file start.cif (mmCIF, C-alpha atoms)
data_protein
loop_
_atom_site.label_atom_id
_atom_site.label_comp_id
_atom_site.auth_asym_id
_atom_site.auth_seq_id
_atom_site.Cartn_x
_atom_site.Cartn_y
_atom_site.Cartn_z
CA MET A 1 117.09 16.84 137.58
CA ASP A 2 120.90 16.81 137.64
CA ALA A 3 122.50 20.07 136.43
CA SER A 4 125.00 18.32 134.14
CA PHE A 5 122.17 16.37 132.49
CA LEU A 6 120.29 19.63 131.96
CA GLN A 7 123.37 21.11 130.29
CA ILE A 8 123.49 18.14 127.87
CA LEU A 9 119.80 18.57 127.04
CA LEU A 10 120.41 22.30 126.54
CA GLY A 11 123.15 21.53 124.01
CA ILE A 12 120.81 19.21 122.12
CA ALA A 13 118.08 21.87 122.15
CA ILE A 14 120.49 24.50 120.76
CA PHE A 15 121.57 22.10 118.01
CA ALA A 16 117.91 21.50 117.09
CA ILE A 17 117.13 25.23 117.13
CA LEU A 18 119.98 26.03 114.76
CA PHE A 19 118.91 23.18 112.48
CA SER A 20 115.42 24.70 112.33
CA ILE A 21 116.97 28.14 111.70
CA GLY A 22 119.01 26.64 108.84
CA ILE A 23 115.84 25.23 107.27
CA GLY A 24 114.43 28.75 107.19
CA LEU A 25 117.52 30.18 105.46
CA SER A 26 118.84 30.00 101.94
CA ILE A 27 122.11 30.80 100.17
CA ALA A 28 120.45 34.00 98.94
CA ASP A 29 120.14 35.21 102.54
CA PHE A 30 123.91 35.00 103.01
CA ARG A 31 124.43 36.74 99.67
CA GLN A 32 122.45 39.66 101.11
CA VAL A 33 124.95 39.84 104.00
CA VAL A 34 127.78 40.13 101.48
CA ALA A 35 125.82 42.60 99.34
CA ARG A 36 125.15 44.84 102.38
CA PRO A 37 128.37 44.55 104.42
CA GLN A 38 127.84 47.72 106.46
CA ALA A 39 125.66 46.01 109.07
CA PHE A 40 128.14 43.16 109.43
CA VAL A 41 131.15 45.47 109.86
CA LEU A 42 129.38 47.80 112.31
CA THR A 43 128.13 44.95 114.48
CA LEU A 44 131.50 43.21 114.52
CA ALA A 45 133.23 46.46 115.52
CA CYS A 46 130.73 46.96 118.34
CA GLN A 47 131.28 43.42 119.61
CA VAL A 48 135.08 43.53 119.52
CA LEU A 49 135.72 47.18 120.48
CA LEU A 50 132.63 48.88 121.92
CA LEU A 51 131.63 46.20 124.44
CA PRO A 52 135.04 46.02 126.19
CA ALA A 53 135.16 49.83 126.26
CA LEU A 54 131.71 49.92 127.89
CA ALA A 55 132.79 47.30 130.44
CA ILE A 56 135.85 49.35 131.40
CA LEU A 57 133.79 52.54 131.67
CA ILE A 58 131.12 50.85 133.83
CA ALA A 59 133.78 49.25 136.05
CA ARG A 60 135.22 52.71 136.71
CA ILE A 61 131.79 54.29 137.30
CA PHE A 62 130.85 51.60 139.85
CA GLU A 63 134.39 51.63 141.29
CA LEU A 64 134.64 47.85 141.10
CA ASN A 65 137.59 46.06 142.65
CA ASP A 66 140.16 44.43 140.37
CA VAL A 67 138.53 40.99 140.37
CA ALA A 68 135.01 42.26 139.72
CA ALA A 69 136.24 44.65 137.02
CA PHE A 70 138.15 41.91 135.25
CA GLY A 71 135.13 39.58 135.49
CA LEU A 72 133.01 42.22 133.73
CA LEU A 73 135.68 42.73 131.08
CA LEU A 74 135.98 38.97 130.57
CA LEU A 75 132.25 38.74 129.88
CA ALA A 76 132.40 41.67 127.45
CA VAL A 77 135.12 40.12 125.30
CA CYS A 78 133.38 36.76 124.84
CA PRO A 79 131.75 36.41 121.41
CA GLY A 80 127.97 36.28 121.06
CA GLY A 81 126.62 32.74 121.16
CA VAL A 82 123.78 30.91 119.47
CA THR A 83 121.23 32.53 121.80
CA SER A 84 121.50 35.71 119.72
CA ASN A 85 120.60 33.69 116.59
CA LEU A 86 117.47 32.40 118.31
CA PHE A 87 116.23 35.80 119.45
CA THR A 88 117.01 37.40 116.09
CA ARG A 89 114.87 34.72 114.42
CA LEU A 90 112.07 35.08 116.98
CA ALA A 91 111.98 38.86 116.51
CA GLY A 92 111.95 38.68 112.71
CA GLY A 93 115.48 40.03 112.34
CA PHE A 94 118.14 39.30 109.72
CA THR A 95 118.96 35.75 110.81
CA ALA A 96 121.65 35.14 108.18
CA LEU A 97 123.52 38.22 109.45
CA SER A 98 123.28 36.94 113.03
CA VAL A 99 124.50 33.44 112.13
CA SER A 100 127.37 34.87 110.06
CA LEU A 101 128.50 37.10 112.92
CA THR A 102 128.39 34.21 115.40
CA ALA A 103 130.56 32.10 113.11
CA VAL A 104 133.13 34.85 112.44
CA ASN A 105 133.26 35.90 116.09
CA SER A 106 133.89 32.33 117.20
CA MET A 107 136.88 32.12 114.86
CA LEU A 108 138.21 35.57 115.80
CA ALA A 109 137.89 34.81 119.52
CA VAL A 110 141.15 32.86 119.53
CA VAL A 111 142.95 36.16 118.84
CA SER A 112 140.48 38.83 119.93
CA ILE A 113 139.87 37.59 123.50
CA PRO A 114 143.55 37.47 124.58
CA ALA A 115 144.36 40.73 122.78
CA VAL A 116 141.45 42.74 124.18
CA LEU A 117 141.92 41.29 127.68
CA PHE A 118 145.57 42.30 127.60
CA VAL A 119 144.79 45.88 126.55
CA GLY A 120 141.70 46.11 128.75
CA GLN A 121 143.49 45.04 131.91
CA GLY A 122 146.04 47.73 131.34
CA LEU A 123 143.30 50.34 131.02
CA LEU A 124 141.65 49.02 134.19
CA GLY A 125 144.95 49.34 136.00
CA THR A 126 145.14 45.66 136.91
CA GLN A 127 148.14 43.43 136.30
CA ALA A 128 147.98 42.41 132.66
CA GLN A 129 148.40 38.82 131.61
CA ILE A 130 147.91 37.10 128.29
CA VAL A 131 145.15 34.50 128.41
CA ALA A 132 145.73 31.58 126.06
CA ILE A 133 142.43 30.41 124.59
CA PRO A 134 142.50 26.77 123.42
CA PHE A 135 141.85 26.83 119.68
CA ASP A 136 140.45 23.29 119.65
CA TYR A 137 137.77 24.24 122.19
CA LEU A 138 136.47 27.17 120.15
CA ALA A 139 136.82 25.27 116.88
CA LYS A 140 134.72 22.39 118.19
CA GLN A 141 132.16 24.79 119.62
CA LEU A 142 131.86 26.50 116.24
CA LEU A 143 131.74 23.25 114.27
CA VAL A 144 129.37 21.22 116.41
CA ILE A 145 127.09 23.85 117.90
CA THR A 146 126.88 26.45 115.13
CA PHE A 147 128.14 25.33 111.73
CA VAL A 148 126.89 21.73 111.43
CA PRO A 149 123.19 22.23 112.35
CA VAL A 150 122.80 25.35 110.21
CA VAL A 151 124.42 23.68 107.21
CA LEU A 152 122.26 20.58 107.67
CA GLY A 153 119.18 22.79 107.69
CA LEU A 154 120.36 24.61 104.57
CA LEU A 155 120.91 21.28 102.80
CA VAL A 156 117.41 20.08 103.69
CA ARG A 157 116.00 23.40 102.44
CA HIS A 158 117.95 23.05 99.18
CA PHE A 159 117.41 19.37 98.38
CA ALA A 160 113.98 18.85 99.97
CA PRO A 161 112.19 22.20 99.88
CA ARG A 162 108.74 20.71 100.39
CA ALA A 163 109.83 18.80 103.49
CA ALA A 164 111.55 21.95 104.80
CA ALA A 165 108.39 23.99 104.25
CA ARG A 166 106.41 21.47 106.30
CA LEU A 167 109.04 21.09 109.03
CA GLU A 168 109.95 24.72 109.75
CA PRO A 169 106.56 25.90 111.15
CA LEU A 170 106.51 22.90 113.49
CA LEU A 171 110.16 22.46 114.42
CA PHE A 172 111.15 26.02 115.33
CA PRO A 173 108.39 26.67 117.93
CA LEU A 174 108.93 23.20 119.41
CA THR A 175 112.71 23.53 119.77
CA SER A 176 112.44 27.13 121.03
CA SER A 177 109.97 26.08 123.72
CA LEU A 178 112.29 23.25 124.77
CA PHE A 179 115.22 25.68 124.95
CA PHE A 180 113.42 28.08 127.29
CA LEU A 181 112.09 25.24 129.42
CA LEU A 182 115.61 23.92 129.92
CA ILE A 183 117.04 27.39 130.58
CA PHE A 184 114.50 27.96 133.35
CA SER A 185 115.26 24.48 134.73
CA VAL A 186 118.98 25.31 134.94
CA TRP A 187 118.18 28.58 136.73
CA TYR A 188 115.93 26.73 139.18
CA THR A 189 118.57 24.08 139.85
CA GLU A 190 121.31 26.67 140.41
CA PHE A 191 119.09 29.27 142.09
CA GLU A 192 121.42 29.93 145.03
CA THR A 193 124.39 30.46 142.70
CA TYR A 194 122.50 33.03 140.65
CA ARG A 195 121.11 34.75 143.76
CA LYS A 196 124.60 35.31 145.13
CA ALA A 197 125.81 36.49 141.73
CA PHE A 198 123.10 39.16 141.58
CA ILE A 199 124.11 40.42 145.01
CA GLU A 200 127.78 40.64 143.99
CA ALA A 201 127.53 41.93 140.42
CA GLY A 202 123.91 42.77 139.62
CA ALA A 203 124.01 46.53 139.07
CA PRO A 204 127.14 46.84 136.86
CA THR A 205 126.13 43.81 134.81
CA LEU A 206 122.65 45.23 134.20
CA ALA A 207 124.29 48.52 133.24
CA LEU A 208 126.52 46.74 130.71
CA PHE A 209 123.57 45.01 129.05
CA ALA A 210 121.53 48.22 128.89
CA ALA A 211 124.47 50.21 127.52
CA ALA A 212 125.28 47.56 124.90
CA CYS A 213 121.72 47.47 123.56
CA THR A 214 121.26 51.25 123.65
CA CYS A 215 124.58 52.10 121.99
CA SER A 216 124.20 49.46 119.27
CA LEU A 217 120.70 50.71 118.45
CA PHE A 218 121.92 54.32 118.29
CA ILE A 219 124.75 53.33 115.92
CA ALA A 220 122.42 51.19 113.78
CA ARG A 221 119.99 54.08 113.38
CA ARG A 222 122.78 56.60 112.83
CA PHE A 223 124.09 54.58 109.88
CA GLY A 224 120.63 53.96 108.44
CA LEU A 225 120.41 50.19 108.84
CA GLU A 226 117.05 48.64 107.97
CA LYS A 227 114.87 47.13 110.71
CA ARG A 228 115.95 43.50 110.17
CA GLU A 229 119.58 44.56 110.46
CA ARG A 230 118.92 46.70 113.54
CA ILE A 231 117.25 43.76 115.29
CA ALA A 232 120.18 41.47 114.51
CA MET A 233 122.68 44.11 115.64
CA VAL A 234 120.93 44.76 118.98
CA PHE A 235 120.82 41.06 119.85
CA GLU A 236 124.34 40.30 118.59
CA VAL A 237 125.86 43.15 120.60
CA GLY A 238 123.58 42.81 123.62
CA ILE A 239 123.74 39.02 123.98
CA GLN A 240 127.12 37.68 125.03
CA ASN A 241 128.38 34.13 125.53
CA PRO A 242 128.54 33.45 129.31
CA PRO A 243 129.53 29.76 128.84
CA VAL A 244 132.79 30.84 127.19
CA ALA A 245 133.42 33.29 130.04
CA PHE A 246 132.72 30.48 132.54
CA PHE A 247 135.17 28.23 130.70
CA ILE A 248 137.95 30.82 130.75
CA ALA A 249 137.37 31.73 134.40
CA VAL A 250 137.25 28.14 135.69
CA ASN A 251 139.49 26.14 133.36
CA ILE A 252 142.09 28.68 132.24
CA LEU A 253 142.34 31.36 134.93
CA GLN A 254 141.08 28.99 137.65
CA ASP A 255 139.35 31.81 139.51
CA MET A 256 135.69 31.26 140.47
CA ALA A 257 135.50 34.87 141.72
CA LEU A 258 135.35 36.02 138.08
CA MET A 259 132.04 34.24 137.41
CA PRO A 260 129.31 36.48 138.99
CA PRO A 261 128.99 38.98 136.07
CA SER A 262 128.57 36.12 133.58
CA ALA A 263 126.01 34.37 135.80
CA VAL A 264 123.96 37.56 136.10
CA TYR A 265 124.26 38.34 132.40
CA SER A 266 123.02 34.89 131.39
CA VAL A 267 119.74 35.60 133.20
CA VAL A 268 119.35 39.27 132.24
CA MET A 269 119.98 38.81 128.53
CA VAL A 270 117.39 36.03 128.21
CA VAL A 271 114.66 37.69 130.30
CA VAL A 272 114.99 41.14 128.71
CA SER A 273 115.29 39.69 125.20
CA MET A 274 112.07 37.74 125.75
CA MET A 275 110.36 41.05 126.54
CA LEU A 276 111.87 42.79 123.51
CA VAL A 277 110.78 40.17 120.95
CA PRO A 278 107.02 40.91 121.00
CA MET A 279 107.69 44.65 120.94
CA MET A 280 109.94 44.29 117.89
CA ARG A 281 107.35 42.19 116.07
CA ARG A 282 104.40 44.41 116.95
CA PHE A 283 105.77 47.91 116.39
CA PRO A 284 107.19 48.61 112.88
CA ALA A 285 109.35 51.50 114.08
CA PHE A 286 110.95 49.54 116.93
CA PRO A 287 113.84 49.15 117.34
#
call {"tool": "encode", "arguments": {"input": "start.cif", "output": "C-alpha cells"}}
result
Amino acid sequence: MDASFLQILLGIAIFAILFSIGIGLSIADFRQVVARPQAFVLTLACQVLLLPALAILIARIFELNDVAAFGLLLLAVCPGGVTSNLFTRLAGGFTALSVSLTAVNSMLAVVSIPAVLFVGQGLLGTQAQIVAIPFDYLAKQLLVITFVPVVLGLLVRHFAPRAAARLEPLLFPLTSSLFFLLIFSVWYTEFETYRKAFIEAGAPTLALFAAACTCSLFIARRFGLEKRERIAMVFEVGIQNPPVAFFIAVNILQDMALMPPSAVYSVVMVVVSMMLVPMMRRFPAFP
C-alpha cells in the first residue's frame, strides 16, 4: 500500500477516534479541568519548559553533534498530538484534560516553538536562528484534526444521548484498532527509514522519552494529582508530535538530517504507551 495513501487513512482514523472521544465527554468534564487547574498548569509547564530542558541535558550527556542535538530539541518543543488523547482515553485517564492541553498547545506552538528553539540553540552552543512556524498550518491542524471531531462528538452526546450511549462502546474500539493497524502499516512500509533512524538516534531519543515520563510522574505525585490526572499528564508530556517536527525539518528548515529523533520517537512512544495502558488500568496505584 502506498505510504501517502496510508497517511490519508491515518488522518481519517484520528478524526474518527477523536469523534468517539467527544461522544464520551460532556461539558461537565471540561468544567472539572477549570475547577482543578493545577494539573493543567503543571502539565503545560512540563511540555513547554521541562521537555526542552531534558533534551538539552540529554544532548550534552550523549555528546551529540550540532545537527543531532538540534533534532532532539526540535522534537521536544513540538506540542503533544492527538495520540496522547487516545492513550489517555484507553488508560482511563482524564480525557478532557488531555484534549484541552492538546488544543492549547497547538495554539501556543506558533509562539512557543520559535521562542524555545531560539533559547535552546543558544544553550546547546549552536548557531541560533528564529524558525517561523506558519500559523495557518497549525490552525488548520487544530481545527480539522482536533477541534471539529471532538465538538461533533460532544454535540451528538448532548442532543442525542441515547444514540451516543449506543455508539461509544462500538465506535471507540473499532477506530482505535484501525489506528494501530494503520500505524503498524506505515512502520512496515517505511521500515528501512526507521531502522536507520534507530541506528543514528536511538539511545538519546529513548532516554528523552523515559526522562519525560519519569519526571512528569514524579511531579504529578509530588503535587498530589489524582490518578486520572497523573495518567493524562504522563501521556501528554511523554507523547510528542513527530509529524510537526517532520514538517518543520523538511518544509521550513529543509534539513532531512534533523528527522531521525522524531522517527525513533514516533515508534517508541506508541509501543511503550501500549504496554503502559494495561498496567494503568489493572493496578490502582499505578502510575
call {"tool": "atom_distance", "arguments": {"input": "start.cif", "atom1": "CA of Ile56 (chain A)", "atom2": "CA of Phe209 (chain A)"}}
result
13.2 Å
call {"tool": "atom_distance", "arguments": {"input": "start.cif", "atom1": "CA of Ile248 (chain A)", "atom2": "CA of Leu178 (chain A)"}}
result
27.4 Å
call {"tool": "closest_atom_pairs", "arguments": {"input": "start.cif", "of": "region 82-119 of chain A", "to": "region 216-234 of chain A", "cutoff": "12 Å", "atoms": "only C-alpha atoms", "output": "tab-separated table"}}
result
residue	atom	partner	partner_atom	distance
A:Thr83	CA	A:Ala232	CA	11.6
A:Ser84	CA	A:Ala232	CA	7.9
A:Asn85	CA	A:Ala232	CA	8.1
A:Leu86	CA	A:Ala232	CA	10.2
A:Phe87	CA	A:Ala232	CA	8.5
A:Thr88	CA	A:Ala232	CA	5.4
A:Arg89	CA	A:Ala232	CA	8.6
A:Leu90	CA	A:Ile231	CA	10.2
A:Ala91	CA	A:Ile231	CA	7.3
A:Gly92	CA	A:Arg228	CA	6.8
A:Gly93	CA	A:Arg228	CA	4.1
A:Phe94	CA	A:Arg228	CA	4.8
A:Thr95	CA	A:Ala232	CA	6.9
A:Ala96	CA	A:Ala232	CA	9.1
A:Leu97	CA	A:Ala232	CA	6.9
A:Ser98	CA	A:Ala232	CA	5.7
A:Val99	CA	A:Ala232	CA	9.4
A:Ser100	CA	A:Ala232	CA	10.7
A:Leu101	CA	A:Met233	CA	9.5
A:Thr102	CA	A:Ala232	CA	11.0
call {"tool": "resolve_selection", "arguments": {"input": "start.cif", "expression": "the PyMOL selection byres ((chain A and resi 19) around 6)", "output": "list in words"}}
result
Ala16, Ile17, Leu18, Ser20, Ile21, Gly22, Pro149, Val150 and Gly153 of chain A
call {"tool": "residues_around", "arguments": {"input": "start.cif", "residues": "region 70-72 of chain A", "least_positions_apart": "3", "cutoff": "10 Å", "atoms": "all atoms listed in the file", "output": "PyMOL selection string"}}
result
chain A and resi 52+54-56+58-59+64-67+75-77+117+120-121+124+126+201+204-205+208+245-246+249+255-262+265
call {"tool": "atom_distance", "arguments": {"input": "start.cif", "atom1": "CA of Thr193 (chain A)", "atom2": "CA of Phe247 (chain A)"}}
result
16.3 Å
call {"tool": "closest_residue", "arguments": {"input": "start.cif", "among": "A:Ala203, A:Ser26, A:Cys46, A:Ser106", "to": "Val237 (chain A)", "atoms": "all atoms listed in the file"}}
result
A:Cys46
call {"tool": "closest_residue", "arguments": {"input": "start.cif", "among": "A:Gln47, A:Asn241, A:Thr214, A:Ser273", "to": "Val82 (chain A)", "atoms": "only C-alpha atoms"}}
result
A:Asn241
call {"tool": "residues_near_point", "arguments": {"input": "start.cif", "point": "(112.0, 21.9, 117.9)", "cutoff": "10 Å", "atoms": "all atoms listed in the file", "output": "number ranges by chain"}}
result
A: 13-20, 167-179
call {"tool": "closest_residue", "arguments": {"input": "start.cif", "among": "A:Pro243, A:Gly238, A:Pro287, A:Gly202", "to": "Val272 (chain A)", "atoms": "only C-alpha atoms"}}
result
A:Gly238
call {"tool": "resolve_selection", "arguments": {"input": "start.cif", "expression": "the PyMOL selection byres ((chain A and resi 184) around 12)", "output": "PyMOL selection string"}}
result
chain A and resi 3+6-7+10+177-183+185-191+194+266-267+270-271
call {"tool": "closest_residue", "arguments": {"input": "start.cif", "among": "A:Ala211, A:Ala285, A:Met269, A:Val156", "to": "Leu50 (chain A)", "atoms": "only C-alpha atoms"}}
result
A:Ala211
call {"tool": "closest_residue", "arguments": {"input": "start.cif", "among": "A:Phe62, A:Ala28, A:Gly11, A:Glu236", "to": "Ala45 (chain A)", "atoms": "all atoms listed in the file"}}
result
A:Glu236
